[in-house]
file my_file_19.txt (compact mmCIF, C-alpha atoms)
# COMPACT_ATOMS: atom_id res chain seq x y z
CA MET A 3 138.82 64.48 -80.77
CA LYS A 4 137.50 66.55 -83.66
CA LYS A 5 139.87 64.78 -86.09
CA LYS A 6 138.60 61.38 -84.92
CA ILE A 7 134.98 62.43 -85.48
CA ILE A 8 135.77 63.73 -88.97
CA LEU A 9 137.62 60.51 -89.85
CA ILE A 10 134.72 58.39 -88.61
CA MET A 11 132.24 60.41 -90.69
CA LEU A 12 134.42 60.20 -93.79
CA SER A 13 134.92 56.46 -93.41
CA LEU A 14 131.17 55.97 -93.02
CA PHE A 15 130.48 58.05 -96.13
CA PHE A 16 132.95 56.17 -98.33
CA ALA A 17 131.92 52.79 -96.94
CA THR A 18 128.27 53.34 -97.77
CA THR A 19 128.92 55.11 -101.07
CA PHE A 20 131.13 52.42 -102.54
CA ALA A 21 129.20 49.53 -101.07
CA GLU A 22 127.78 46.82 -103.27
CA ASN A 23 125.41 48.15 -105.94
CA ALA A 24 121.69 47.85 -105.44
CA PRO A 25 120.33 44.37 -106.18
CA ASP A 26 117.91 43.54 -108.96
CA THR A 27 115.05 43.66 -106.45
CA THR A 28 115.59 47.30 -105.49
CA ASN A 29 112.76 48.57 -103.30
CA PHE A 30 111.91 52.07 -104.52
CA ASN A 31 109.08 52.46 -102.02
CA VAL A 32 111.36 53.37 -99.15
CA PHE A 33 110.37 55.97 -96.57
CA HIS A 34 111.15 59.60 -97.51
CA GLY A 35 110.91 63.05 -95.94
CA ARG A 36 109.24 66.24 -97.09
CA ALA A 37 111.86 67.10 -99.73
CA TYR A 38 110.81 64.08 -101.80
CA TYR A 39 107.11 64.78 -101.15
CA ASN A 40 107.47 68.36 -102.44
CA ALA A 41 109.28 67.20 -105.57
CA ALA A 42 106.95 64.38 -106.62
CA ARG A 43 103.74 65.27 -108.44
CA THR A 44 102.84 61.71 -109.45
CA PRO A 45 100.25 59.62 -107.57
CA GLY A 46 102.77 56.76 -107.78
CA GLU A 47 105.27 58.43 -105.47
CA ALA A 48 107.00 56.51 -102.70
CA PRO A 49 105.82 56.78 -99.06
CA SER A 50 106.87 59.90 -97.16
CA THR A 51 106.26 61.57 -93.84
CA HIS A 52 103.83 64.09 -95.33
CA ARG A 53 102.05 61.75 -97.76
CA ASN A 54 101.29 59.40 -94.88
CA LEU A 55 100.39 62.27 -92.57
CA TYR A 56 97.88 63.64 -95.10
CA THR A 57 96.43 60.11 -95.66
CA PRO A 58 96.17 59.10 -92.01
CA TYR A 59 95.52 55.36 -92.36
CA LEU A 60 98.97 55.05 -93.99
CA MET A 61 100.48 55.99 -90.61
CA TYR A 62 99.40 52.60 -89.27
CA GLY A 63 102.29 50.49 -88.04
CA SER A 64 104.91 53.25 -88.23
CA ASN A 65 107.32 54.08 -85.43
CA PHE A 66 109.52 57.09 -86.12
CA VAL A 67 110.44 60.66 -85.28
CA ALA A 68 111.20 63.24 -87.98
CA PHE A 69 112.66 66.73 -87.70
CA ALA A 70 113.29 69.41 -90.31
CA PRO A 71 114.93 72.69 -89.26
CA SER A 72 114.57 74.11 -92.78
CA ASN A 73 110.78 73.73 -92.78
CA THR A 74 110.23 73.92 -89.00
CA TYR A 75 108.32 70.72 -88.45
CA GLY A 76 108.50 67.71 -86.18
CA ILE A 77 106.57 64.44 -86.38
CA ALA A 78 106.38 61.50 -83.96
CA SER A 79 104.51 58.24 -84.52
CA TYR A 80 104.31 55.17 -82.30
CA THR A 81 102.34 51.92 -82.46
CA SER A 82 100.82 50.04 -79.56
CA ASN A 83 98.85 46.83 -80.09
CA ASP A 84 96.65 47.42 -83.16
CA GLN A 85 96.68 51.22 -83.06
CA THR A 86 99.12 53.92 -84.13
CA SER A 87 99.10 57.34 -82.52
CA PHE A 88 100.91 60.31 -84.05
CA ILE A 89 101.51 63.96 -83.35
CA ALA A 90 103.05 66.65 -85.54
CA TYR A 91 103.95 70.33 -85.43
CA LEU A 92 104.00 72.02 -88.84
CA SER A 93 105.03 75.67 -88.46
CA SER A 94 102.20 77.15 -86.35
CA GLN A 95 99.91 74.14 -86.72
CA ALA A 96 99.54 71.15 -84.38
CA ILE A 97 98.24 67.77 -85.59
CA ILE A 98 97.14 64.76 -83.55
CA GLY A 99 95.77 61.55 -85.00
CA ILE A 100 95.06 57.84 -84.69
CA ALA A 101 95.42 55.13 -87.34
CA THR A 102 94.35 51.51 -87.55
CA LYS A 103 94.66 49.03 -90.38
CA ASN A 104 91.35 50.13 -91.91
CA LEU A 105 90.94 53.73 -90.77
CA GLY A 106 92.95 56.86 -90.09
CA PHE A 107 91.79 60.13 -88.51
CA SER A 108 93.55 63.37 -87.57
CA VAL A 109 92.76 66.84 -86.26
CA ALA A 110 94.91 69.89 -87.00
CA PHE A 111 94.48 73.29 -85.38
CA SER A 112 96.18 76.63 -84.87
CA VAL A 113 95.31 79.54 -82.57
CA GLY A 114 96.36 83.15 -82.92
CA GLU A 115 94.73 85.83 -80.77
CA LYS A 116 95.80 89.34 -79.81
CA LEU A 117 94.17 91.91 -77.53
CA ASN A 118 95.41 95.46 -76.88
CA PHE A 119 94.20 97.96 -74.27
CA PHE A 120 95.04 101.61 -74.82
CA GLU A 121 94.38 104.50 -72.43
CA GLU A 122 95.22 108.18 -72.89
CA LYS A 123 94.53 111.12 -70.59
CA SER A 124 95.36 114.56 -71.93
CA ARG A 125 95.19 117.53 -69.57
CA TYR A 126 95.88 119.99 -72.39
CA HIS A 127 93.07 118.74 -74.66
CA LYS A 128 90.90 117.89 -71.63
CA LYS A 129 89.89 114.46 -72.88
CA GLU A 130 90.27 110.79 -72.05
CA ILE A 131 90.54 107.99 -74.60
CA ASP A 132 89.97 104.31 -73.86
CA GLU A 133 90.42 101.86 -76.74
CA ILE A 134 90.29 98.09 -77.01
CA VAL A 135 91.61 96.41 -80.16
CA GLY A 136 91.37 92.67 -80.67
CA SER A 137 92.22 90.32 -83.52
CA TYR A 138 92.41 86.59 -83.95
CA LYS A 139 92.88 83.96 -86.64
CA ASN A 140 91.99 80.41 -85.70
CA SER A 141 91.75 77.32 -87.87
CA ILE A 142 90.84 73.66 -87.55
CA SER A 143 91.14 70.81 -90.05
CA LEU A 144 89.83 67.23 -90.03
CA ARG A 145 91.22 64.37 -92.13
CA LEU A 146 89.77 60.90 -92.64
CA ALA A 147 91.21 58.12 -94.80
CA MET A 148 90.46 54.44 -95.33
CA PRO A 149 91.27 51.71 -97.88
CA PHE A 150 88.63 49.84 -99.89
CA GLN A 151 90.36 46.81 -101.41
CA SER A 152 91.97 48.22 -104.59
CA ILE A 153 91.33 51.94 -103.91
CA ASP A 154 91.44 54.28 -100.95
CA LEU A 155 89.33 57.25 -99.87
CA SER A 156 90.52 60.48 -98.26
CA ALA A 157 88.23 63.21 -96.90
CA TYR A 158 89.30 66.67 -95.74
CA LEU A 159 87.41 69.47 -93.98
CA HIS A 160 88.92 72.84 -93.08
CA TYR A 161 87.63 75.97 -91.35
CA ASP A 162 89.29 79.38 -90.88
CA GLN A 163 87.94 82.27 -88.83
CA THR A 164 89.50 85.73 -88.79
CA SER A 165 88.26 88.73 -86.83
CA ASN A 166 89.27 92.34 -86.19
CA ASP A 167 87.36 94.31 -83.57
CA SER A 168 87.88 97.69 -81.93
CA ILE A 169 86.02 99.97 -79.54
CA ALA A 170 87.20 103.54 -78.92
CA LYS A 171 85.56 105.78 -76.30
CA VAL A 172 86.39 109.46 -75.88
CA LYS A 173 85.28 111.69 -72.98
CA TYR A 174 85.61 115.48 -73.01
CA ALA A 175 86.00 117.06 -69.56
CA ASP A 176 85.22 120.63 -70.63
CA SER A 177 81.88 119.93 -72.35
CA GLU A 178 80.89 116.64 -70.63
CA GLY A 179 80.48 115.22 -74.10
CA LYS A 180 81.50 111.76 -75.21
CA SER A 181 81.75 109.66 -78.35
CA GLU A 182 82.06 105.99 -79.13
CA LYS A 183 83.29 104.31 -82.31
CA GLU A 184 83.04 100.57 -82.85
CA TYR A 185 84.31 98.38 -85.71
CA ASN A 186 83.80 94.67 -86.29
CA GLY A 187 85.22 92.71 -89.22
CA HIS A 188 84.81 88.97 -89.68
CA ALA A 189 85.98 86.48 -92.29
CA HIS A 190 84.96 82.84 -92.56
CA TYR A 191 86.44 80.25 -94.90
CA ILE A 192 85.28 76.64 -95.03
CA SER A 193 86.38 74.00 -97.52
CA GLY A 194 86.06 70.26 -98.03
CA SER A 195 87.38 67.67 -100.45
CA LEU A 196 87.12 63.99 -101.37
CA THR A 197 89.92 62.04 -103.06
CA PHE A 198 89.92 58.53 -104.49
CA SER A 199 93.16 56.77 -105.41
CA ASN A 200 94.32 53.36 -106.61
CA LYS A 201 97.30 53.57 -104.25
CA PRO A 202 96.68 50.17 -102.58
CA SER A 203 96.76 48.28 -105.89
CA ALA A 204 98.87 50.55 -108.14
CA LYS A 205 101.84 49.05 -109.95
CA ASN A 206 103.13 50.86 -113.03
CA PHE A 207 100.03 53.03 -113.52
CA SER A 208 98.63 55.14 -110.68
CA TRP A 209 95.83 57.68 -110.48
CA SER A 210 93.89 59.88 -108.06
CA THR A 211 90.69 61.80 -108.62
CA GLY A 212 88.17 63.81 -106.65
CA GLY A 213 86.79 67.26 -106.02
CA SER A 214 86.58 70.09 -103.54
CA VAL A 215 84.21 72.90 -102.58
CA ALA A 216 84.75 76.06 -100.54
CA ARG A 217 82.97 79.14 -99.29
CA ASN A 218 84.65 82.45 -98.41
CA GLN A 219 82.67 85.21 -96.68
CA ARG A 220 83.74 88.58 -95.30
CA THR A 221 81.53 91.07 -93.48
CA SER A 222 82.14 94.25 -91.52
CA ASP A 223 80.11 96.84 -89.63
CA SER A 224 81.00 100.12 -87.98
CA THR A 225 79.04 102.52 -85.79
CA TYR A 226 79.68 106.00 -84.42
CA LYS A 227 77.73 107.69 -81.63
CA SER A 228 78.37 111.19 -80.28
CA THR A 229 76.53 113.34 -77.72
CA ILE A 230 78.29 116.46 -79.05
CA ASP A 231 76.95 116.34 -82.62
CA PRO A 232 74.29 113.63 -83.11
CA ASP A 233 74.10 114.47 -86.84
CA GLU A 234 77.46 112.74 -87.29
CA ASN A 235 76.18 109.42 -85.95
CA TYR A 236 76.18 106.53 -88.43
CA LYS A 237 75.96 102.78 -88.79
CA ASN A 238 77.47 101.06 -91.85
CA GLU A 239 77.36 97.43 -92.90
CA PHE A 240 79.48 96.07 -95.75
CA ALA A 241 79.55 92.59 -97.25
CA GLY A 242 82.70 93.09 -99.32
CA ASN A 243 83.56 91.92 -102.83
CA GLN A 244 85.53 88.82 -101.78
CA ASN A 245 82.56 86.59 -100.96
CA TYR A 246 82.47 83.57 -103.26
CA PHE A 247 81.69 79.89 -103.75
CA TYR A 248 84.46 77.69 -105.15
CA ALA A 249 84.32 74.20 -106.69
CA SER A 250 86.90 72.06 -108.48
CA LEU A 251 87.37 68.62 -110.01
CA PHE A 252 90.75 66.97 -110.60
CA TYR A 253 92.31 63.89 -112.13
CA ASN A 254 95.99 63.03 -111.68
CA PHE A 255 97.89 60.10 -113.18
CA GLY A 256 101.42 58.80 -113.38
CA TYR A 257 103.03 55.98 -115.35
CA ILE A 258 106.41 54.27 -114.97
CA VAL A 259 107.67 54.35 -118.56
CA LEU A 260 111.22 53.12 -117.87
CA LYS A 261 112.54 50.80 -115.20
CA SER A 262 115.83 48.99 -114.66
CA ASN A 263 117.47 47.19 -111.78
CA ASN A 264 118.11 50.36 -109.81
CA ALA A 265 116.33 53.21 -111.63
CA ARG A 266 112.83 54.15 -112.73
CA LEU A 267 111.20 57.05 -114.55
CA HIS A 268 107.67 58.37 -113.94
CA VAL A 269 105.76 60.64 -116.33
CA GLY A 270 102.23 61.90 -115.98
CA ASN A 271 99.88 64.82 -115.77
CA ASN A 272 97.67 66.48 -113.17
CA THR A 273 94.46 68.07 -114.45
CA SER A 274 92.06 70.33 -112.57
CA LEU A 275 88.93 72.25 -113.53
CA SER A 276 87.80 74.92 -111.07
CA SER A 277 85.33 77.78 -110.87
CA SER A 278 84.63 80.65 -108.47
CA VAL A 279 81.28 82.45 -108.36
CA TYR A 280 81.31 85.76 -106.48
CA ASP A 281 78.35 87.25 -104.62
CA LYS A 282 76.57 90.29 -105.96
CA VAL A 283 77.68 93.56 -104.41
CA LYS A 284 75.39 96.51 -103.77
CA ASP A 285 76.97 99.93 -103.49
CA LYS A 286 74.56 102.44 -101.93
CA ARG A 287 76.36 105.43 -103.43
CA ASN A 288 76.28 104.41 -107.10
CA HIS A 289 73.78 101.54 -106.80
CA HIS A 290 76.07 98.95 -108.40
CA LYS A 291 74.95 95.33 -108.69
CA ASP A 292 77.95 93.24 -109.66
CA PHE A 293 78.38 89.61 -110.73
CA TYR A 294 81.71 87.83 -111.17
CA LEU A 295 82.50 84.36 -112.49
CA ASN A 296 85.95 82.87 -112.93
CA GLY A 297 86.83 79.42 -114.31
CA THR A 298 90.23 77.79 -114.81
CA LEU A 299 91.51 74.65 -116.51
CA SER A 300 95.03 73.63 -115.42
CA LEU A 301 97.37 70.97 -116.75
CA THR A 302 100.57 70.06 -114.93
CA PRO A 303 102.78 67.59 -116.82
CA HIS A 304 105.49 66.16 -114.58
CA ILE A 305 108.58 63.94 -114.63
CA LEU A 306 110.16 62.09 -111.71
CA ALA A 307 113.36 60.04 -111.99
CA GLU A 308 114.67 57.88 -109.13
CA TYR A 309 118.04 56.14 -108.84
CA ALA A 310 119.21 53.74 -106.12
CA LEU A 311 123.00 53.72 -105.94
CA ASN A 312 123.01 51.02 -103.27
CA GLU A 313 121.07 50.09 -100.17
CA ASN A 314 122.17 53.33 -98.44
CA TRP A 315 121.93 56.00 -101.12
CA MET A 316 118.99 57.06 -103.29
CA PHE A 317 118.77 60.10 -105.57
CA TRP A 318 115.92 61.74 -107.46
CA GLY A 319 115.21 64.57 -109.83
CA ALA A 320 111.84 66.05 -110.74
CA THR A 321 110.40 68.79 -112.89
CA TYR A 322 106.93 70.05 -113.73
CA LEU A 323 105.27 72.85 -115.66
CA ASN A 324 101.85 74.35 -115.05
CA TRP A 325 99.72 75.41 -118.02
CA SER A 326 96.40 77.16 -117.39
CA THR A 327 93.60 78.69 -119.37
CA SER A 328 91.01 80.78 -117.60
CA GLY A 329 87.80 82.61 -118.39
CA TYR A 330 86.51 85.63 -116.49
CA TYR A 331 83.01 87.07 -116.69
CA GLU A 332 81.84 90.27 -115.01
CA LYS A 333 78.53 92.08 -115.26
CA TYR A 334 77.30 95.10 -113.37
CA VAL A 335 74.65 97.78 -113.66
CA GLU A 336 75.11 101.41 -112.59
CA MET A 337 71.82 103.03 -111.54
CA TRP A 338 72.31 106.67 -110.68
CA LYS A 339 69.94 108.89 -108.76
CA THR A 340 69.17 110.70 -111.98
CA ALA A 341 67.61 107.45 -113.26
CA ASP A 342 70.43 107.03 -115.81
CA GLU A 343 71.42 103.40 -116.22
CA THR A 344 74.62 101.90 -117.59
CA ARG A 345 75.02 98.16 -118.23
CA ASN A 346 78.57 96.82 -118.35
CA THR A 347 79.76 93.35 -119.35
CA LEU A 348 83.34 92.06 -119.46
CA LEU A 349 84.35 88.67 -120.88
CA GLN A 350 88.04 87.72 -120.78
CA PHE A 351 90.03 84.61 -121.70
CA ARG A 352 93.65 84.02 -120.85
CA THR A 353 96.10 81.18 -121.49
CA PHE A 354 99.49 81.07 -119.81
CA THR A 355 102.22 78.89 -118.36
CA ASP A 356 103.67 79.55 -114.95
CA LYS A 357 107.07 81.18 -114.97
CA PRO A 358 109.42 79.72 -114.07
CA THR A 359 109.41 75.98 -114.74
CA TYR A 360 110.10 74.12 -111.50
CA LEU A 361 113.01 71.78 -111.06
CA SER A 362 114.12 69.89 -107.96
CA THR A 363 116.68 67.30 -107.00
CA GLY A 364 117.54 65.52 -103.79
CA ALA A 365 119.29 62.67 -102.05
CA ARG A 366 118.35 60.19 -99.34
CA PHE A 367 120.92 58.53 -97.10
CA SER A 368 119.98 55.71 -94.74
CA TYR A 369 122.11 53.81 -92.24
CA LYS A 370 120.51 51.27 -89.94
CA ARG A 371 117.63 53.22 -88.34
CA MET A 372 118.70 56.70 -89.40
CA ILE A 373 117.54 58.54 -92.54
CA LEU A 374 118.90 61.89 -93.71
CA GLU A 375 117.33 63.65 -96.68
CA ALA A 376 118.21 66.87 -98.47
CA GLY A 377 116.56 68.54 -101.42
CA ILE A 378 116.71 71.74 -103.40
CA GLU A 379 113.99 73.22 -105.59
CA ALA A 380 114.44 76.17 -107.90
CA GLY A 381 112.67 77.93 -110.71
CA LEU A 382 114.33 78.31 -114.08
CA TYR A 383 114.29 81.44 -116.17
CA GLU A 384 111.98 81.58 -119.17
CA ASN A 385 114.98 80.33 -121.14
CA PRO A 386 116.12 77.25 -119.15
CA PHE A 387 119.65 77.46 -120.59
CA ARG A 388 120.27 80.75 -118.79
CA GLY A 389 120.39 79.11 -115.37
CA PHE A 390 118.58 79.26 -112.06
CA ASP A 391 116.46 82.02 -110.64
CA GLY A 392 117.97 82.34 -107.18
CA LYS A 393 115.00 84.26 -105.79
CA SER A 394 112.83 81.12 -105.86
CA MET A 395 115.35 78.65 -104.42
CA VAL A 396 113.93 76.38 -101.71
CA TYR A 397 116.11 74.20 -99.51
CA ASP A 398 114.97 71.24 -97.44
CA LEU A 399 116.91 69.21 -94.91
CA SER A 400 115.35 66.59 -92.63
CA GLY A 401 116.28 63.70 -90.40
CA ILE A 402 114.26 60.59 -89.53
CA ILE A 403 114.88 57.92 -86.90
CA THR A 404 112.84 54.72 -87.13
CA PHE A 405 112.18 52.25 -84.31
call {"tool": "encode", "arguments": {"input": "my_file_19.txt", "output": "C-alpha cells"}}
result
Amino acid sequence: MKKKIILIMLSLFFATTFAENAPDTTNFNVFHGRAYYNAARTPGEAPSTHRNLYTPYLMYGSNFVAFAPSNTYGIASYTSNDQTSFIAYLSSQAIIGIATKNLGFSVAFSVGEKLNFFEEKSRYHKKEIDEIVGSYKNSISLRLAMPFQSIDLSAYLHYDQTSNDSIAKVKYADSEGKSEKEYNGHAHYISGSLTFSNKPSAKNFSWSTGGSVARNQRTSDSTYKSTIDPDENYKNEFAGNQNYFYASLFYNFGYIVLKSNNARLHVGNNTSLSSSVYDKVKDKRNHHKDFYLNGTLSLTPHILAEYALNENWMFWGATYLNWSTSGYYEKYVEMWKTADETRNTLLQFRTFTDKPTYLSTGARFSYKRMILEAGIEAGLYENPFRGFDGKSMVYDLSGIITF
C-alpha cells in the first residue's frame, strides 16, 4: 500500500512538472500563502492569505481554508449571497470579519490572564501570609478597508493593556501586629494608521502611502502599611521612562522592470520617516527633568523575481536591505538639594544598515483546488559570499484548499 501511494505521488509530481510550459498569458496574480507574503516587500505583490486578511475587503468572494503548521495559523473564508465571512487564528490571536464588494471589516483579539493565591502559616515564626498576584495582557485590533475607484483605503486601530498587581498581607500571632503591601503596574499602548494604495488600478507601477501614530504609557504605584512600625509606611507613584508619543509617515513603491511570457522582476523601495517623543521624568531623589527625542529615516530597497514553470508550479526569490539613519536628542537638568545645578545635553546621529541582508525563496504548487506553498528565509553574513547565517533561518509551509 505504501509503495502504491509513493508511486502515485511521484507520478503526480513528474506529470505536473513536465507539463506544457506556461502560456504567453501567464497569470502572476495567483493566490499565495504567508511564505510569499513575508518575502514580498513591493506594493505590487500578488494576492495572498495575509495580504487579503489585512485588507479585509479583498476577502470578498473568496472560499478557502488555509493551514500552516510552521507558523501556527488557520484561516477559513466562505461567501454567501453578497457577503463573505472569515475567521482566522494567528498564534494566540483570533480574527473574525465580514467583507462585501465595497467594504471589509475585521476584529482581532487575544486574552491572557493569570491569578495566583498563596497562603502560608508558620508555627515557628508565628505568622500568616496571604498573597494574591494577578497579571494579564489583553489586546484588540480593528481593521477597515474599502476601494475608491483607482485607489483603496485601509485603516487600523490597535490597543494593548498589560497589568501586574499584587497584595500581600502578613499577620503576627505573637504581637497581634500586621502589615500589608500592595503593588499595581499598568501599561497601555494604542496605535492607529491609515494607508492609501493604487492596488485596484496598478499595472507595472504600484505604490502605497500613509502614516501612523501611537501612544505608550506605563505607570506603577506601591504602598506599605504596618501596625508594628508606622514609620516604615510609604506610598510611591512612578510614571516610568518609557512613556512616549510616536508618529511616522511612509511611501512604498514597486516597478516591474522586466517581464516575459512566464517571468517578471519587481524592484522598488520602501521609505519611512518616524519620530518618538518621550515624556519628561521627575526623579524625587536627584530632581531630574529629562527630555528625549528620537527620529529615524529608513530606506528598504527590494527585489522580487517570479517564475511560472507551468500552470502548476510557480517559484520566486526575493531580497531586501534596510538602511537607516537616526538622530537622538536628550536633555536633562540635575537640581540637587544643595542648590547646585547641572545641565546636560546629548545629540547623537547614527547611520547603519541592518545585518544581515535578507534573502528568501519559495515555491507554489497547485493542483485542481489544492495549493501547497513552501518558503525559506535567511540572513546572509556581512560578506554574502560566505554563506547563510543559520541562526536566522525561517521556514514556512502552508496548505490551501479552495472551493
call {"tool": "atom_distance", "arguments": {"input": "my_file_19.txt", "atom1": "CA of Ala189 in chain A", "atom2": "CA of Ser222 in chain A"}}
result
8.7 Å
call {"tool": "atom_distance", "arguments": {"input": "my_file_19.txt", "atom1": "CA of Thr57 in chain A", "atom2": "CA of Trp209 in chain A"}}
result
15.0 Å
call {"tool": "atom_distance", "arguments": {"input": "my_file_19.txt", "atom1": "CA of Leu117 in chain A", "atom2": "CA of Ile169 in chain A"}}
result
11.6 Å
call {"tool": "closest_residue", "arguments": {"input": "my_file_19.txt", "among": "A:Glu178, A:Ser199, A:Ser208, A:His188", "to": "Thr229 in chain A", "atoms": "all atoms listed in the file"}}
result
A:Glu178
call {"tool": "residues_around", "arguments": {"input": "my_file_19.txt", "residues": "Met61 in chain A", "least_positions_apart": "3", "cutoff": "8 Å", "atoms": "only C-alpha atoms", "output": "VMD selection string"}}
result
chain A and resid 54 to 55 57 to 58 64 79 86 88 101 106
call {"tool": "closest_residue", "arguments": {"input": "my_file_19.txt", "among": "A:Ile89, A:Leu374, A:Ala42, A:Ile230", "to": "Leu267 in chain A", "atoms": "all atoms listed in the file"}}
result
A:Ala42
call {"tool": "residues_around", "arguments": {"input": "my_file_19.txt", "residues": "Leu306 in chain A", "least_positions_apart": "2", "cutoff": "10 Å", "atoms": "all atoms listed in the file", "output": "JSON, numbers by chain"}}
result
{"A": [41, 42, 43, 44, 46, 47, 256, 258, 266, 267, 268, 269, 270, 304, 308, 318, 319, 320, 321, 322, 362, 363]}
call {"tool": "closest_residue", "arguments": {"input": "my_file_19.txt", "among": "A:Pro202, A:Gly76, A:Pro49, A:Gly99", "to": "Ile403 in chain A", "atoms": "all atoms listed in the file"}}
result
A:Gly76
call {"tool": "residues_around", "arguments": {"input": "my_file_19.txt", "residues": "Lys171 in chain A", "least_positions_apart": "4", "cutoff": "7 Å", "atoms": "all atoms listed in the file", "output": "JSON, numbers by chain"}}
result
{"A": [131, 132, 133, 181, 182, 183]}
call {"tool": "closest_residue", "arguments": {"input": "my_file_19.txt", "among": "A:Arg366, A:Ile100, A:Glu184, A:Thr197", "to": "Glu313 in chain A", "atoms": "all atoms listed in the file"}}
result
A:Arg366
call {"tool": "build_atoms", "arguments": {"input": "my_file_19.txt", "residues": "range 158-169 of chain A", "atoms": "N, CA and C atoms", "output": "mmCIF file, keeping the file's coordinate frame"}}
result
data_model
loop_
_atom_site.group_PDB
_atom_site.id
_atom_site.type_symbol
_atom_site.label_atom_id
_atom_site.label_comp_id
_atom_site.auth_asym_id
_atom_site.auth_seq_id
_atom_site.Cartn_x
_atom_site.Cartn_y
_atom_site.Cartn_z
ATOM 1 N N TYR A 158 88.651 65.548 -96.409
ATOM 2 C CA TYR A 158 89.300 66.670 -95.740
ATOM 3 C C TYR A 158 88.294 67.780 -95.523
ATOM 4 N N LEU A 159 88.291 68.350 -94.318
ATOM 5 C CA LEU A 159 87.410 69.470 -93.980
ATOM 6 C C LEU A 159 88.225 70.503 -93.225
ATOM 7 N N HIS A 160 88.108 71.779 -93.664
ATOM 8 C CA HIS A 160 88.920 72.840 -93.080
ATOM 9 C C HIS A 160 88.065 74.075 -92.813
ATOM 10 N N TYR A 161 88.354 74.748 -91.690
ATOM 11 C CA TYR A 161 87.630 75.970 -91.350
ATOM 12 C C TYR A 161 88.589 77.008 -90.790
ATOM 13 N N ASP A 162 88.505 78.228 -91.325
ATOM 14 C CA ASP A 162 89.290 79.380 -90.880
ATOM 15 C C ASP A 162 88.350 80.473 -90.399
ATOM 16 N N GLN A 163 88.710 81.121 -89.306
ATOM 17 C CA GLN A 163 87.940 82.270 -88.830
ATOM 18 C C GLN A 163 88.900 83.392 -88.466
ATOM 19 N N THR A 164 88.669 84.561 -89.045
ATOM 20 C CA THR A 164 89.500 85.730 -88.790
ATOM 21 C C THR A 164 88.615 86.874 -88.337
ATOM 22 N N SER A 165 89.073 87.625 -87.345
ATOM 23 C CA SER A 165 88.260 88.730 -86.830
ATOM 24 C C SER A 165 89.156 89.891 -86.429
ATOM 25 N N ASN A 166 88.626 91.106 -86.649
ATOM 26 C CA ASN A 166 89.270 92.340 -86.190
ATOM 27 C C ASN A 166 88.195 93.224 -85.569
ATOM 28 N N ASP A 167 88.356 93.527 -84.296
ATOM 29 C CA ASP A 167 87.360 94.310 -83.570
ATOM 30 C C ASP A 167 88.043 95.444 -82.813
ATOM 31 N N SER A 168 87.344 96.564 -82.700
ATOM 32 C CA SER A 168 87.880 97.690 -81.930
ATOM 33 C C SER A 168 86.742 98.536 -81.381
ATOM 34 N N ILE A 169 86.950 99.032 -80.177
ATOM 35 C CA ILE A 169 86.020 99.970 -79.540
ATOM 36 C C ILE A 169 86.830 101.130 -78.977
#
